[in-house]
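Notes follow once the structure below has been shown.
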Number of protein chains: 2
Amino acid sequence: MAKNYLMTPGPTPVPEYIRNEMAKPMIHHRTKEYQSIFKDATDGLKKIFKTSNDIYTFTSSGTGAMEASVVNICSPGDKVIVVRGGKFGERFDEIAKAYGVEVIQLDVEWGASPKASDIKDLLDKNPGVRAVYTTLCETSTATVFDIKSIGEVVRPTNAVYVVDAISGLGADKFENDAWGVDIGVCGSQKGLMIPPGLAFCSVSPKAWKAAETSRLPKFYFNFKKYKKAMDDTDTPFTSAITLVIGLRKALETINNKGIDNVTAEHAAQANAFRDAMKAIGLSIFSKSPSNAVTAVNTPAGMDADALIKLLKTEFGVTFAPGQEKLKGKIFRAAHMGGIDKEHTMESIKALEIGLTKMGYNFNAGSGIDAAAKILGK
Amino acid sequence: MAKNYLMTPGPTPVPEYIRNEMAKPMIHHRTKEYQSIFKDATDGLKKIFKTSNDIYTFTSSGTGAMEASVVNICSPGDKVIVVRGGKFGERFDEIAKAYGVEVIQLDVEWGASPKASDIKDLLDKNPGVRAVYTTLCETSTATVFDIKSIGEVVRPTNAVYVVDAISGLGADKFENDAWGVDIGVCGSQKGLMIPPGLAFCSVSPKAWKAAETSRLPKFYFNFKKYKKAMDDTDTPFTSAITLVIGLRKALETINNKGIDNVTAEHAAQANAFRDAMKAIGLSIFSKSPSNAVTAVNTPAGMDADALIKLLKTEFGVTFAPGQEKLKGKIFRAAHMGGIDKEHTMESIKALEIGLTKMGYNFNAGSGIDAAAKILGK
């Protein structure tokens with residue numbers, strides 16, 4: 001196998017035609033040419049988010065947009081609910097605390113999805129809660145949360161509903177407006193299939209109402225500056241121009257296909273991959289598996305990181321390791337962005353050989369056969 | 001003229017070999033391959049900054065690193081001195097105020113350089129000042145400040161010396177350690193000749209001492225997280241990987257030539273451009289002109305923005321307009337990063353024709369002749 005198959009849940013592979021688009025000569029950003037690109041990109045994002053709200057583009061990692069969703073909404077001493085079901089839920093907790101916001105933690109077993117009723121209970125007990133922070137796809141556990149149901153319990157309250165859709169958007173179903181999401185957070189290097197470096201927030205009128213009175217200090221991530229710059233179809237500070245150019249191109253592809261068709265494709269890959277794992281005899285870590293990424297438990301006694309290293313070195317297939325308490329116990333394979341059928345099938349092939357080399361006994365070829373039933377040969 | 005000549009002070013043109021390097025297939029960042037790239041880039045930056053201090057890489061606009069230099073050093077109610085000699089000096093003022101830091105403003109006439117003695121007076125009068133914020137090249141006025149002399153008056157005090165070298169580095173002389181700079185701030189899209197999206201802070205032991213006790217809230221730009229991640233030759237949040245790959249390549253070129261030779265080349269272009277303007281009969285706006293960018297006063301009665309539009313439309317030469325109070329009165333041409341002799345000579349040619357079309361009388365060809373005396377034909 002000469003090709004490299006990047007199967008990590010961010011960065012995902014960037015298709016060659018997008019890379020070539022970004023490799024064109026540099027242009028200046030305060031020009032009509034760039035304004036038109038930025039407008040296309042922003043309009044394209046709205047279709048993916050399924051929102052009519054403003055979307056602001058930050059030059060930052062996804063974490064920057066998570067921070068924006070805290071510093072623009074809260075004031076010192078505010079109470080917020082944070083759903084902690086993995087590494088990225090915990091990050092909201094850390095950000096809020098760093099800014100002196102009081103966090104009501106809803107701890108969810110890693111790999112499980114939070115219950116909307118638990119969030120409703122917390123909202124009932126704490127009527128002044130400023131915001132609820134949760135995650136569409138908790139990348140660390142490859143778990144999709146029921147954002148729609150949680151939205152139904154948050155919507156009637158004064159709390160702003162913030163959803164980190166960084167790794168889910170474009171693979172897991174997401175309906176920003178229909179589900180009552182006030183701030184949808186996303187990053188560029190996952191389902192949107194461009195390199196890392198851009199992050200996004202959709203901002204609803206309800207979120208804006210909170211933003212108007214928020215007293216946490218902010219400058220670089222201040223929504224008001226982005227809203228004002230939007231009048232000139234621009235950002236307040238120089239954007240990562242090449243990435244915005246790539247974004248426009250990637251969104252053109254996705255929106256030409258239609259976001260529902262794109263998520264259906266990735267869902268098929270995810271289902272094929274999971275069926276393959278089960279056929280091989282491996283179990284899926286998550287109780288609520290995401291279509292963006294799958295976490296697979298390695299067989300008892302097998303070090304997941306050793307398997308990952310073998311697949312990378314010998315077959316050019318890059319899976320992601322488990323993080324924190326899952327390190328060495330799982331490997332993760334993504335199904336979003338530029339990861340296509342070929343990636344999925346080739347990675348299963350490599351995995352079958354790798355597992356055999358590591359001494360695991362199973363019905364060789366059964367994984368490929370199971371996946372082919374969904375994806376074709 | 002078929003080519004486009006981007007002469008703006010950020011973004012500057014990105015050489016094709018760097019664009020091609022960034023267009024290679026995506027790689028994952030938690031790998032030895034990427035660690036090696038990031039280490040090379042960081043080591044390469046240290047040579048350009050002339051520092052042995054740590055340098056942290058943020059995925060953000062330059063403004064993000066400016067914010068980092070405030071939130072990591074100050075606490076609420078601290079007093080800082082900000083030199084305001086143009087739009088970017090004023091930005092430090094705005095950031096500090098957004099975080100509740102008290103600003104002692106040193107207002108400098110636009111186009112002039114601040115006097116070190118004035119800063120000394122302010123430091124003497126305000127013994128508890130936490131930091132002094134100033135600018136190497138004030139891009140808005142194309143003015144270089146005497147960072148060395150200011151450093152001499154700040155060094156004996158407890159104040160942290162912060163220099164925005166975003167647009168100067170790589171064109172104007174800069175000696176981070178020798179001049180006593182505690183935090184040197186830079187961005188990617190100027191002298192470093194890659195696209196926008198990365199920003200940097202060098203951090204001295206004196207700055208770290210202040211950072212240890214700083215109580216301003218921060219998360220994404222928290223130096224401590226970047227320092228810790230550096231132990232794994234990484235950043236705490238996913239970097240703009242392709243830009244780091246481009247940075248490594250660009251720095252390889254610059255450091256192979258030697259930073260002093262590179263700044264000498266850009267100084268020659270700047271001198272040639274200014275001599276050309278004088279030969280044509282145009283005056284230079286700044287009293288202390290930078291080698292990174294030149295601001296030229298348009299002839300009386302001529303709208304600078306109309307001239308810029310003509311040059312862009314008819315000759316593919318993009319100059320930058322004046323900002324705020326200088327709008328319509330000046331045009332700016334950069335001399336840094338990927339802007340080379342050819343850019344300089346071709347832009348002067350276009351300018352001569354454009355000025356003639358706009359009805360300005362001068363000795364045609366005199367600009368080109370003056371520049372050629374320095375740069376050759």
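FYI, nothing fancy with the structure tokens labels: chains A, B, ... in order, residues from 1 per chain, ligands from 1 as they appear.
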Please provide as a PDB file with N, CA and C atoms, in the first residue's frame all residues within 9 Å of A:Leu198, with the sequence filter that same-chain residues fewer than 6 positions apart are discarded (counting only C-alpha atoms).
ATOM      1  N   THR A  57     -16.402  33.641  12.052  1.00  0.00           N
ATOM      2  CA  THR A  57     -15.229  32.827  11.759  1.00  0.00           C
ATOM      3  C   THR A  57     -14.025  33.366  12.519  1.00  0.00           C
ATOM      4  N   PHE A  58     -13.459  32.539  13.380  1.00  0.00           N
ATOM      5  CA  PHE A  58     -12.262  32.905  14.132  1.00  0.00           C
ATOM      6  C   PHE A  58     -11.052  32.200  13.536  1.00  0.00           C
ATOM      7  N   THR A  59      -9.925  32.901  13.516  1.00  0.00           N
ATOM      8  CA  THR A  59      -8.677  32.217  13.221  1.00  0.00           C
ATOM      9  C   THR A  59      -8.164  31.671  14.538  1.00  0.00           C
ATOM     10  N   SER A  60      -8.423  30.391  14.765  1.00  0.00           N
ATOM     11  CA  SER A  60      -8.029  29.734  16.022  1.00  0.00           C
ATOM     12  C   SER A  60      -8.316  28.249  15.906  1.00  0.00           C
ATOM     13  N   SER A  61      -7.858  27.501  16.892  1.00  0.00           N
ATOM     14  CA  SER A  61      -8.292  26.121  17.050  1.00  0.00           C
ATOM     15  C   SER A  61      -9.760  26.131  17.491  1.00  0.00           C
ATOM     16  N   GLY A  62     -10.390  24.973  17.450  1.00  0.00           N
ATOM     17  CA  GLY A  62     -11.768  24.868  17.909  1.00  0.00           C
ATOM     18  C   GLY A  62     -11.922  25.371  19.339  1.00  0.00           C
ATOM     19  N   ALA A  65     -13.040  28.934  19.748  1.00  0.00           N
ATOM     20  CA  ALA A  65     -14.477  29.190  19.598  1.00  0.00           C
ATOM     21  C   ALA A  65     -15.247  28.707  20.831  1.00  0.00           C
ATOM     22  N   CYS A 186     -17.907  25.111  15.896  1.00  0.00           N
ATOM     23  CA  CYS A 186     -17.314  24.132  14.983  1.00  0.00           C
ATOM     24  C   CYS A 186     -15.864  24.489  14.672  1.00  0.00           C
ATOM     25  N   GLY A 187     -15.131  23.520  14.147  1.00  0.00           N
ATOM     26  CA  GLY A 187     -13.741  23.713  13.717  1.00  0.00           C
ATOM     27  C   GLY A 187     -13.601  23.268  12.282  1.00  0.00           C
ATOM     28  N   SER A 188     -12.481  23.602  11.677  1.00  0.00           N
ATOM     29  CA  SER A 188     -12.324  23.408  10.228  1.00  0.00           C
ATOM     30  C   SER A 188     -11.810  22.041   9.816  1.00  0.00           C
ATOM     31  N   GLN A 189     -11.128  21.333  10.724  1.00  0.00           N
ATOM     32  CA  GLN A 189     -10.307  20.183  10.323  1.00  0.00           C
ATOM     33  C   GLN A 189     -10.977  18.832  10.511  1.00  0.00           C
ATOM     34  N   SER A 239      -7.817  37.234   8.800  1.00  0.00           N
ATOM     35  CA  SER A 239      -8.132  35.806   8.864  1.00  0.00           C
ATOM     36  C   SER A 239      -7.025  34.955   8.253  1.00  0.00           C
ATOM     37  N   ALA A 240      -7.086  33.678   8.539  1.00  0.00           N
ATOM     38  CA  ALA A 240      -6.224  32.715   7.853  1.00  0.00           C
ATOM     39  C   ALA A 240      -6.774  32.572   6.428  1.00  0.00           C
ATOM     40  N   LEU A 243      -7.033  29.325   4.400  1.00  0.00           N
ATOM     41  CA  LEU A 243      -7.985  28.357   4.948  1.00  0.00           C
ATOM     42  C   LEU A 243      -9.420  28.753   4.598  1.00  0.00           C
ATOM     43  N   VAL A 244      -9.703  30.046   4.583  1.00  0.00           N
ATOM     44  CA  VAL A 244     -11.045  30.493   4.178  1.00  0.00           C
ATOM     45  C   VAL A 244     -11.283  30.148   2.703  1.00  0.00           C
TER      46      VAL A 244
ATOM     47  N   THR B  59      -2.332  29.565  17.131  1.00  0.00           N
ATOM     48  CA  THR B  59      -3.137  29.631  15.926  1.00  0.00           C
ATOM     49  C   THR B  59      -4.088  30.795  16.118  1.00  0.00           C
ATOM     50  N   SER B  60      -3.729  31.929  15.507  1.00  0.00           N
ATOM     51  CA  SER B  60      -4.524  33.159  15.634  1.00  0.00           C
ATOM     52  C   SER B  60      -3.934  34.216  14.723  1.00  0.00           C
ATOM     53  N   GLY B 197      -2.403  33.391   9.991  1.00  0.00           N
ATOM     54  CA  GLY B 197      -3.019  32.313  10.763  1.00  0.00           C
ATOM     55  C   GLY B 197      -2.186  31.847  11.942  1.00  0.00           C
ATOM     56  N   ALA B 240      -2.603  25.170  13.389  1.00  0.00           N
ATOM     57  CA  ALA B 240      -2.836  25.250  11.951  1.00  0.00           C
ATOM     58  C   ALA B 240      -1.664  24.530  11.271  1.00  0.00           C
TER      59      ALA B 240
END
Would you mind listing what lies within 10 Å of B:Pro15 as an NGL selection string, with only C-alpha atoms counted and same-chain residues fewer than 4 positions away left out? (:A and (23 or 25-26)) or (:B and (19-20 or 193-194 or 250 or 337-339))
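Picture a line from atom CA of B:Tyr133 to atom CA of A:Thr238; it runs 20.9 Å.
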Non-local contacts of stretch 143-160 of chain B (8 Å; only C-alpha atoms; under 6 positions in same chain excluded) as JSON, numbers by chain: {"B": [73, 111, 112, 113, 114, 115, 116, 117, 119, 120, 123, 128, 129, 130, 131, 132, 135, 136, 137, 168, 172, 179, 180, 181, 182, 183, 206, 207, 210, 286, 287, 288, 289, 290, 291]}
Filtered DSSP result for stretch 78-304 of chain B, state helix (DSSP H, G or I), as number ranges by chain: B: 87-98, 116-125, 147-154, 205-213, 223-230, 241-257, 259-280, 304
Need to verify the contact set: A:Lys312, 10 Å, only C-alpha atoms, exclusion of same-chain residues closer than 3 positions in sequence. Can you return it as a PyMOL selection string? chain A and resi 4-6+306-309+315-319+350+354
Near A:Gly281, within 10 Å and counting only C-alpha atoms, which residues show up once chain neighbours fewer than 6 positions away are dropped, as number ranges by chain? A: 275, 298-299, 360-363, 366-367
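Nearest to chain A of all the residues B:Thr8, B:Ser283, B:Asn126, B:Thr213 is B:Thr8, based on only C-alpha atoms.
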In stretch 44-91 of chain A, what's strand (DSSP E) per DSSP? Answer as a list in words? Asp54, Ile55, Tyr56, Thr57, Phe58, Thr59, Lys79, Val80, Ile81, Val82, Val83 and Arg84 of chain A
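Shortest separation to B:Thr12 among B:Asp305, B:Gly322, B:Ala292, B:Ser347 occurs at residue B:Ala292, atoms counted being only C-alpha atoms.
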